[in-house]
Amino acid sequence: MIPKPSAGYSITLRVEIETRPGMLGRVASAIGKAGGDIGAVDIAGFGTGTIIRDISVDARDEAHEQAIAKAVERIPGVRVLNVSDRTFLAHLGGKIEIRSKNPIKTRSDLSMVYTPGVARVCMAIHDSPSKAHALTIKKNTVAVITDGSAVLGLGNIGPAAALPVMEGKAALFKEFAGVDAFPICLDTQDTEEIIRICRAIAPGFGGINLEDISAPRCFEIEERLQRAVGIPVFHDDQHGTAVVVLAALLNALRIVKKALREIKIVVSGIGAAGIACTRIMMAMGARNIIGLDTKGALYRGRTENMSPMKEWYAGVTNPRNVQGGVLDAIGGADVFIGLSGPGTLPLKGVKKMAKNPIVFAMANPIPEIRPEEAARYVRVMATGRSDYPNQINNVSCFPGFFRGLLDARASEVNQAMKIAAAKAIASLVSARELSEEYITPSVFDARVAPAVAAAVSKAAHQTGAARRGRRLVGGQPWM
């Protein structure tokens with residue numbers, strides 16, 4: 001099945017068109033026949049008997065971009081002057097920058113923000129280290145740290161190639177929650193060295209967001225770091241995913257009128273995200289979960305392709321000790337959660353699920369099963385893509401989550417905070433709005449980050465993880 005054009009593969013064609021009636025229509029027709037989706041059309045200039053236009057077009061992939069450009073080039077009276085990839089243009093020079101909050105225009109300004117005045121502030125922090133939260137960027141900064149070993153769907157591409165993702169993460173922190181985040185890409189994949197580096201830089205940050213670090217190393221790095229530093233450590237690939245999946249699942253279950261404790265759930269992909277999703281669902285009462293990796297169901301006694309984390313997983317899930325592949329595990333399942341790869345859920349498997357099945361196929365860019373293929377047989381469908389309804393996206397979680405952690409000056413991240421965040425996201429979809437195609441709020445819903453922040457900060461105080469007094473929300477204390 002041919003995927004839809006996406007802004008991720010968007011080009012701007014600068015074309016010189018003869019000024020004859022119908023010429024722009026011929027260009028638009030050629031783009032449409034080539035499968036492109038036209039966005040903006042702007043006038044960029046004029047020539048002798050010609051008009052120069054910039055035409056923005058969404059495509060399916062890079063090969064499709066080239067095919068669209070060639071289709072336009074073949075039109076008599078039209079000349080393609082330039083083809084710009086809009087995604088690459090958006091990354092030129094990086095996506096983030098640092099700005100000074102104070103003007104530095106005079107000697108007086110310089111004396112306060114730097115020498116000699118800064119020495120007084122340094123000594124104040126030396127005498128009372130907690131003042132660093134009030135007198136430096138520490139109170140509002142997060143280190144986004146990766147080793148480039150498990151980037152998006154790209155795998156182990158290394159720290160330099162991972163930097164555009166970390167920049168994007170930092171931009172989203174600022175855009176959605178006002179948090180200043182710094183991308184830090186480490187040229188090492190040694191667990192001990194990563195922990196040592198993170199410990200060494202922790203004094204300058206209010207929190208650490210681990211990103212795109214491969215399993216099972218990510219589990220040990222997060223756990224040991226959280227014990228070693230006095231600031232919260234959050235592995236977004238695990239916990240951000242778990243929060244947004246739980247939020248969407250709570251609302252999907254409202255539609256099908258099923259209880260989490262009573263349903264059967266199949267999780268495809270037992271990496272960092274799959275394990276974290278399982279843990280948070282179990283914490284909420286789920287009892288019948290079966291996990292699948294590339295070798296099939298995880299069950300007690302399995303020896304192939306196992307690890308200590310998978311041994312734990314097999315011991316606490318799969319109560320009937322089901323063995324085999326997805327078709328063996330999915331019979332009678334109420335929910336399928338895909339965190340694996342394209343095509344891992346065949347249509348035959350969907351047909352074996354229980355009545356009113358819920359399918360979250362979140363592999364990107366190609367899901368475990370395409371929504372078009374599953375539509376007739378699934379009651380609620382969600383993906384990780386923005387071009388289908390019900391996009392399950394970590395952006396709904398991590399900016400607000402860290403906003404709440406920083407506001408409470410939390411010392412750690414705990415399960416109560418994650419569950420509170422998931423419930424906060426779910427609650428933003430009212431009973432009137434809730435439908436099969438709307439189970440989770442848009443990532444651009446301005447209510448999401450404040451709601452998550454308030455829920456996380458409240459949970460931090462309730463669990464004793466907060467080191468700052470309770471803040472007022474809407475003029476009222478939470479408790």
# chains A, B, ... in the order shown; residues from 1 in each chain; ligands from 1
>>> residues_around(residues="Asn140 in chain A", least_positions_apart="4", cutoff="9 Å", atoms="only C-alpha atoms", output="ChimeraX atom specification")
/A:133,136,178-181,205-207,403,406-407
>>> write_last_selection(atoms="N, CA and C atoms", output="PDB file, in the first residue's frame")
ATOM      1  N   HIS A 133      20.128  26.982  42.380  1.00  0.00           N
ATOM      2  CA  HIS A 133      18.813  26.870  41.737  1.00  0.00           C
ATOM      3  C   HIS A 133      18.185  28.236  41.499  1.00  0.00           C
ATOM      4  N   THR A 136      21.328  30.576  39.005  1.00  0.00           N
ATOM      5  CA  THR A 136      21.896  30.083  37.745  1.00  0.00           C
ATOM      6  C   THR A 136      20.795  29.446  36.897  1.00  0.00           C
ATOM      7  N   GLY A 178       8.819  25.734  27.981  1.00  0.00           N
ATOM      8  CA  GLY A 178       9.724  26.779  28.447  1.00  0.00           C
ATOM      9  C   GLY A 178      10.965  26.269  29.137  1.00  0.00           C
ATOM     10  N   VAL A 179      11.309  25.011  28.916  1.00  0.00           N
ATOM     11  CA  VAL A 179      12.483  24.401  29.547  1.00  0.00           C
ATOM     12  C   VAL A 179      13.689  24.561  28.623  1.00  0.00           C
ATOM     13  N   ASP A 180      14.811  25.005  29.180  1.00  0.00           N
ATOM     14  CA  ASP A 180      16.044  25.120  28.413  1.00  0.00           C
ATOM     15  C   ASP A 180      16.776  23.781  28.437  1.00  0.00           C
ATOM     16  N   ALA A 181      16.926  23.170  27.273  1.00  0.00           N
ATOM     17  CA  ALA A 181      17.563  21.856  27.181  1.00  0.00           C
ATOM     18  C   ALA A 181      18.789  21.936  26.290  1.00  0.00           C
ATOM     19  N   PHE A 205      22.877  21.092  35.839  1.00  0.00           N
ATOM     20  CA  PHE A 205      21.551  20.835  35.295  1.00  0.00           C
ATOM     21  C   PHE A 205      20.537  20.507  36.393  1.00  0.00           C
ATOM     22  N   GLY A 206      19.258  20.769  36.061  1.00  0.00           N
ATOM     23  CA  GLY A 206      18.181  20.424  36.988  1.00  0.00           C
ATOM     24  C   GLY A 206      17.606  19.056  36.728  1.00  0.00           C
ATOM     25  N   GLY A 207      17.953  18.446  35.588  1.00  0.00           N
ATOM     26  CA  GLY A 207      17.464  17.115  35.259  1.00  0.00           C
ATOM     27  C   GLY A 207      18.241  16.547  34.091  1.00  0.00           C
ATOM     28  N   ARG A 403       8.884  19.984  33.139  1.00  0.00           N
ATOM     29  CA  ARG A 403       8.428  21.227  33.737  1.00  0.00           C
ATOM     30  C   ARG A 403       7.975  20.970  35.179  1.00  0.00           C
ATOM     31  N   LEU A 406      11.051  20.116  37.446  1.00  0.00           N
ATOM     32  CA  LEU A 406      11.836  21.301  37.778  1.00  0.00           C
ATOM     33  C   LEU A 406      11.082  22.225  38.726  1.00  0.00           C
ATOM     34  N   ASP A 407       9.780  22.365  38.505  1.00  0.00           N
ATOM     35  CA  ASP A 407       8.984  23.224  39.389  1.00  0.00           C
ATOM     36  C   ASP A 407       9.003  22.716  40.829  1.00  0.00           C
TER      37      ASP A 407
END
>>> select_by_dssp(residues="range 58-281 of chain A", states="strand (DSSP E or B)", output="PyMOL selection string")
chain A and resi 58-59+78-85+141-146+151+155+180-185+207-210+233-235+264-268
>>> write_last_selection(atoms="N, CA and C atoms", output="short mmCIF file (atom, residue, chain, number, x, y, z; two decimals), in the first residue's frame")
data_model
loop_
_atom_site.label_atom_id
_atom_site.label_comp_id
_atom_site.auth_asym_id
_atom_site.auth_seq_id
_atom_site.Cartn_x
_atom_site.Cartn_y
_atom_site.Cartn_z
N ASP A 58 4.59 18.28 -0.83
CA ASP A 58 4.89 17.14 0.03
C ASP A 58 4.99 15.88 -0.82
N ALA A 59 5.99 15.04 -0.51
CA ALA A 59 6.22 13.80 -1.25
C ALA A 59 6.23 12.63 -0.28
N VAL A 78 8.18 25.44 -19.22
CA VAL A 78 8.46 25.49 -17.77
C VAL A 78 9.92 25.08 -17.55
N ARG A 79 10.62 25.85 -16.73
CA ARG A 79 12.01 25.51 -16.39
C ARG A 79 12.17 25.45 -14.88
N VAL A 80 12.67 24.32 -14.38
CA VAL A 80 12.92 24.18 -12.96
C VAL A 80 14.27 24.81 -12.63
N LEU A 81 14.25 25.88 -11.87
CA LEU A 81 15.47 26.61 -11.54
C LEU A 81 16.19 26.00 -10.35
N ASN A 82 15.42 25.51 -9.39
CA ASN A 82 16.04 24.97 -8.18
C ASN A 82 15.05 24.07 -7.45
N VAL A 83 15.58 23.06 -6.79
CA VAL A 83 14.77 22.19 -5.93
C VAL A 83 15.40 22.19 -4.54
N SER A 84 14.66 22.66 -3.56
CA SER A 84 15.16 22.73 -2.18
C SER A 84 14.41 21.73 -1.30
N ASP A 85 15.15 20.95 -0.54
CA ASP A 85 14.55 20.05 0.43
C ASP A 85 14.26 20.85 1.70
N THR A 141 17.06 23.90 33.52
CA THR A 141 17.82 23.27 32.44
C THR A 141 17.83 21.76 32.54
N VAL A 142 17.81 21.14 31.37
CA VAL A 142 17.85 19.68 31.25
C VAL A 142 18.95 19.31 30.27
N ALA A 143 19.72 18.31 30.61
CA ALA A 143 20.72 17.76 29.70
C ALA A 143 20.07 16.62 28.91
N VAL A 144 20.05 16.76 27.59
CA VAL A 144 19.52 15.69 26.72
C VAL A 144 20.72 14.90 26.23
N ILE A 145 20.89 13.70 26.78
CA ILE A 145 22.14 12.95 26.61
C ILE A 145 21.91 11.67 25.81
N THR A 146 22.77 11.46 24.83
CA THR A 146 22.70 10.23 24.02
C THR A 146 24.09 9.74 23.70
N VAL A 151 18.97 5.29 17.69
CA VAL A 151 18.31 6.52 17.28
C VAL A 151 17.06 6.23 16.46
N GLY A 155 18.75 3.11 14.37
CA GLY A 155 19.71 2.21 15.01
C GLY A 155 20.95 2.92 15.50
N ASP A 180 14.81 25.01 29.18
CA ASP A 180 16.04 25.12 28.41
C ASP A 180 16.78 23.78 28.44
N ALA A 181 16.93 23.17 27.27
CA ALA A 181 17.56 21.86 27.18
C ALA A 181 18.79 21.94 26.29
N PHE A 182 19.82 21.20 26.67
CA PHE A 182 21.08 21.21 25.94
C PHE A 182 21.37 19.82 25.37
N PRO A 183 21.58 19.70 24.05
CA PRO A 183 21.91 18.40 23.46
C PRO A 183 23.36 18.04 23.74
N ILE A 184 23.57 16.86 24.31
CA ILE A 184 24.93 16.40 24.65
C ILE A 184 25.10 15.00 24.06
N CYS A 185 25.94 14.89 23.03
CA CYS A 185 26.15 13.63 22.32
C CYS A 185 27.52 13.08 22.70
N GLY A 207 17.95 18.45 35.59
CA GLY A 207 17.46 17.11 35.26
C GLY A 207 18.24 16.55 34.09
N ILE A 208 18.16 15.23 33.93
CA ILE A 208 18.82 14.55 32.82
C ILE A 208 17.78 13.76 32.04
N ASN A 209 17.73 13.99 30.73
CA ASN A 209 16.87 13.22 29.83
C ASN A 209 17.77 12.32 28.99
N LEU A 210 17.75 11.04 29.28
CA LEU A 210 18.51 10.07 28.48
C LEU A 210 17.72 9.77 27.21
N VAL A 233 16.39 11.69 36.72
CA VAL A 233 16.90 11.09 35.49
C VAL A 233 15.73 10.37 34.82
N PHE A 234 15.49 10.67 33.56
CA PHE A 234 14.30 10.19 32.86
C PHE A 234 14.73 9.69 31.48
N HIS A 235 14.53 8.40 31.24
CA HIS A 235 14.84 7.84 29.91
C HIS A 235 13.56 7.89 29.09
N LYS A 264 -6.78 -8.92 27.80
CA LYS A 264 -5.54 -9.55 27.36
C LYS A 264 -4.81 -8.57 26.44
N ILE A 265 -3.52 -8.36 26.72
CA ILE A 265 -2.71 -7.40 25.99
C ILE A 265 -1.50 -8.11 25.39
N VAL A 266 -1.24 -7.87 24.13
CA VAL A 266 -0.03 -8.38 23.48
C VAL A 266 0.87 -7.19 23.16
N VAL A 267 2.12 -7.26 23.63
CA VAL A 267 3.11 -6.21 23.39
C VAL A 267 4.17 -6.76 22.44
N SER A 268 4.29 -6.13 21.28
CA SER A 268 5.28 -6.56 20.28
C SER A 268 6.47 -5.63 20.34
#
>>> select_by_dssp(residues="range 227-300 of chain A", states="alpha helix (DSSP H)", output="number ranges by chain")
A: 227-228, 236-256, 272-283
>>> residues_around(residues="Asn321 in chain A", least_positions_apart="3", cutoff="9 Å", atoms="only C-alpha atoms", output="PyMOL selection string")
chain A and resi 290+297-300+314+317-318
>>> write_last_selection(atoms="N, CA and C atoms", output="JSON list (two decimals), in the first residue's frame")
[["chain", "number", "residue", "atom", "x", "y", "z"],
["A", 290, "ILE", "N", 1.21, -10.51, 27.28],
["A", 290, "ILE", "CA", 2.18, -11.39, 26.62],
["A", 290, "ILE", "C", 3.11, -10.53, 25.79],
["A", 297, "ALA", "N", 6.99, -15.32, 21.61],
["A", 297, "ALA", "CA", 6.52, -14.98, 22.95],
["A", 297, "ALA", "C", 7.59, -15.25, 24.00],
["A", 298, "LEU", "N", 7.66, -14.36, 24.98],
["A", 298, "LEU", "CA", 8.53, -14.58, 26.13],
["A", 298, "LEU", "C", 7.75, -15.42, 27.15],
["A", 299, "TYR", "N", 8.34, -16.53, 27.54],
["A", 299, "TYR", "CA", 7.66, -17.42, 28.48],
["A", 299, "TYR", "C", 8.68, -18.02, 29.45],
["A", 300, "ARG", "N", 8.21, -18.47, 30.58],
["A", 300, "ARG", "CA", 9.08, -19.06, 31.59],
["A", 300, "ARG", "C", 9.71, -20.34, 31.04],
["A", 314, "ALA", "N", 9.59, -12.43, 31.45],
["A", 314, "ALA", "CA", 8.91, -13.73, 31.30],
["A", 314, "ALA", "C", 8.35, -14.22, 32.63],
["A", 317, "THR", "N", 4.93, -11.92, 33.44],
["A", 317, "THR", "CA", 3.87, -11.81, 32.44],
["A", 317, "THR", "C", 3.49, -13.20, 31.93],
["A", 318, "ASN", "N", 2.62, -13.23, 30.91],
["A", 318, "ASN", "CA", 2.25, -14.47, 30.22],
["A", 318, "ASN", "C", 1.80, -15.54, 31.21]]
>>> residues_around(residues="Gly464 in chain A", least_positions_apart="6", cutoff="10 Å", atoms="only C-alpha atoms", output="CSV table (one decimal) with N, CA and C atoms, in the first residue's frame")
chain,number,residue,atom,x,y,z
A,410,ALA,N,12.4,18.2,42.0
A,410,ALA,CA,12.3,16.8,42.4
A,410,ALA,C,13.7,16.2,42.4
A,411,SER,N,13.9,15.2,43.3
A,411,SER,CA,15.1,14.5,43.4
A,411,SER,C,15.2,13.3,42.5
A,412,GLU,N,14.0,12.8,42.1
A,412,GLU,CA,14.0,11.6,41.3
A,412,GLU,C,12.7,11.5,40.5
>>> closest_residue(among="A:Ala363, A:Leu345, A:Val316, A:Cys397", to="Val448 in chain A", atoms="only C-alpha atoms")
A:Cys397
>>> residues_around(residues="range 415-430 of chain A", least_positions_apart="2", cutoff="8 Å", atoms="only C-alpha atoms", output="JSON, numbers by chain")
{"A": [239, 243, 244, 246, 247, 248, 250, 251, 280, 284, 396, 397, 401, 413, 432, 433, 434, 438, 439, 440, 441, 447, 448, 451, 452, 453, 455, 456, 457, 459, 460, 463]}
>>> closest_residue(among="A:Ile157, A:Gly296, A:Met309, A:Arg385", to="Asp328 in chain A", atoms="only C-alpha atoms")
A:Gly296
>>> atom_distance(atom1="CA of Lys310 in chain A", atom2="CA of Leu292 in chain A")
10.3 Å
>>> residues_around(residues="Lys101 in chain A", least_positions_apart="5", cutoff="12 Å", atoms="only C-alpha atoms", output="list in words")
Asp109, Val113, Thr136 and Ile137 of chain A
>>> residues_around(residues="range 26-42 of chain A", least_positions_apart="6", cutoff="6 Å", atoms="only C-alpha atoms", output="PDB file with C-alpha atoms, in the first residue's frame")
ATOM      1  CA  ARG A  53       7.094  30.796  -8.606  1.00  0.00           C
ATOM      2  CA  ASP A  54       8.034  28.834  -5.493  1.00  0.00           C
ATOM      3  CA  ILE A  55       5.805  25.773  -5.150  1.00  0.00           C
ATOM      4  CA  SER A  56       5.928  23.734  -1.924  1.00  0.00           C
ATOM      5  CA  VAL A  57       5.119  20.052  -2.404  1.00  0.00           C
ATOM      6  CA  ASP A  58       4.888  17.138   0.033  1.00  0.00           C
ATOM      7  CA  ALA A  59       6.217  13.801  -1.250  1.00  0.00           C
ATOM      8  CA  ILE A  68       7.903  15.134  -8.999  1.00  0.00           C
TER       9      ILE A  68
END
>>> atom_distance(atom1="CA of Pro357 in chain A", atom2="CA of Val335 in chain A")
5.9 Å
>>> atom_distance(atom1="CA of Lys348 in chain A", atom2="CA of Asn288 in chain A")
21.5 Å
>>> decode(residues="range 37-75 of chain A", atoms="N, CA and C atoms", output="compact mmCIF listing (two decimals), in the first residue's frame")
# COMPACT_ATOMS: atom_id res chain seq x y z
N ASP A 37 1.60 16.45 -3.15
CA ASP A 37 0.55 17.21 -2.47
C ASP A 37 1.01 18.67 -2.36
N ILE A 38 0.38 19.56 -3.14
CA ILE A 38 0.82 20.95 -3.21
C ILE A 38 0.38 21.71 -1.96
N GLY A 39 1.33 22.50 -1.41
CA GLY A 39 1.03 23.39 -0.29
C GLY A 39 0.96 24.81 -0.78
N ALA A 40 1.95 25.61 -0.42
CA ALA A 40 1.95 27.03 -0.80
C ALA A 40 2.45 27.22 -2.23
N VAL A 41 1.91 28.25 -2.89
CA VAL A 41 2.39 28.70 -4.20
C VAL A 41 2.64 30.19 -4.09
N ASP A 42 3.90 30.61 -4.26
CA ASP A 42 4.27 32.02 -4.08
C ASP A 42 4.98 32.55 -5.31
N ILE A 43 4.82 33.84 -5.55
CA ILE A 43 5.55 34.51 -6.62
C ILE A 43 6.92 34.93 -6.10
N ALA A 44 7.98 34.49 -6.82
CA ALA A 44 9.34 34.81 -6.39
C ALA A 44 10.00 35.85 -7.29
N GLY A 45 9.39 36.17 -8.44
CA GLY A 45 9.98 37.16 -9.33
C GLY A 45 9.40 37.08 -10.74
N PHE A 46 9.95 37.90 -11.62
CA PHE A 46 9.46 37.94 -13.00
C PHE A 46 10.65 37.96 -13.95
N GLY A 47 10.47 37.36 -15.13
CA GLY A 47 11.45 37.43 -16.19
C GLY A 47 10.81 38.06 -17.41
N THR A 48 11.47 37.94 -18.56
CA THR A 48 10.91 38.46 -19.81
C THR A 48 9.90 37.45 -20.33
N GLY A 49 8.65 37.77 -20.16
CA GLY A 49 7.59 36.87 -20.59
C GLY A 49 7.42 35.65 -19.71
N THR A 50 7.98 35.72 -18.52
CA THR A 50 7.88 34.58 -17.59
C THR A 50 7.58 35.07 -16.18
N ILE A 51 7.10 34.16 -15.36
CA ILE A 51 6.90 34.42 -13.93
C ILE A 51 7.60 33.31 -13.15
N ILE A 52 8.28 33.69 -12.10
CA ILE A 52 9.00 32.71 -11.27
C ILE A 52 8.19 32.45 -10.01
N ARG A 53 7.91 31.18 -9.77
CA ARG A 53 7.09 30.80 -8.61
C ARG A 53 7.83 29.77 -7.75
N ASP A 54 7.59 29.86 -6.44
CA ASP A 54 8.03 28.83 -5.49
C ASP A 54 6.83 27.98 -5.13
N ILE A 55 6.92 26.69 -5.41
CA ILE A 55 5.80 25.77 -5.15
C ILE A 55 6.26 24.74 -4.13
N SER A 56 5.61 24.71 -2.97
CA SER A 56 5.93 23.73 -1.92
C SER A 56 5.10 22.48 -2.15
N VAL A 57 5.77 21.33 -2.09
CA VAL A 57 5.12 20.05 -2.40
C VAL A 57 5.55 19.01 -1.39
N ASP A 58 4.59 18.28 -0.83
CA ASP A 58 4.89 17.14 0.03
C ASP A 58 4.99 15.88 -0.82
N ALA A 59 5.99 15.04 -0.51
CA ALA A 59 6.22 13.80 -1.25
C ALA A 59 6.23 12.63 -0.28
N ARG A 60 6.43 11.42 -0.82
CA ARG A 60 6.44 10.21 0.01
C ARG A 60 7.84 9.87 0.53
N ASP A 61 8.84 10.11 -0.30
CA ASP A 61 10.22 9.81 0.05
C ASP A 61 11.14 10.58 -0.90
N GLU A 62 12.44 10.38 -0.78
CA GLU A 62 13.38 11.16 -1.59
C GLU A 62 13.25 10.83 -3.07
N ALA A 63 13.03 9.55 -3.39
CA ALA A 63 12.85 9.17 -4.80
C ALA A 63 11.61 9.83 -5.39
N HIS A 64 10.56 9.94 -4.57
CA HIS A 64 9.33 10.59 -5.03
C HIS A 64 9.56 12.08 -5.25
N GLU A 65 10.37 12.72 -4.41
CA GLU A 65 10.72 14.13 -4.61
C GLU A 65 11.34 14.33 -5.99
N GLN A 66 12.27 13.46 -6.34
CA GLN A 66 12.95 13.58 -7.63
C GLN A 66 11.98 13.34 -8.79
N ALA A 67 11.05 12.38 -8.61
CA ALA A 67 10.09 12.08 -9.66
C ALA A 67 9.17 13.27 -9.91
N ILE A 68 8.77 13.96 -8.86
CA ILE A 68 7.90 15.13 -9.00
C ILE A 68 8.64 16.24 -9.76
N ALA A 69 9.90 16.49 -9.39
CA ALA A 69 10.68 17.52 -10.06
C ALA A 69 10.84 17.21 -11.55
N LYS A 70 11.07 15.95 -11.88
CA LYS A 70 11.23 15.57 -13.29
C LYS A 70 9.92 15.72 -14.06
N ALA A 71 8.79 15.43 -13.40
CA ALA A 71 7.49 15.59 -14.05
C ALA A 71 7.25 17.04 -14.43
N VAL A 72 7.67 17.96 -13.58
CA VAL A 72 7.51 19.39 -13.87
C VAL A 72 8.47 19.82 -14.98
N GLU A 73 9.68 19.30 -14.94
CA GLU A 73 10.70 19.66 -15.94
C GLU A 73 10.25 19.30 -17.36
N ARG A 74 9.43 18.28 -17.49
CA ARG A 74 9.02 17.80 -18.82
C ARG A 74 7.96 18.68 -19.48
N ILE A 75 7.41 19.65 -18.74
CA ILE A 75 6.35 20.50 -19.30
C ILE A 75 6.97 21.56 -20.21
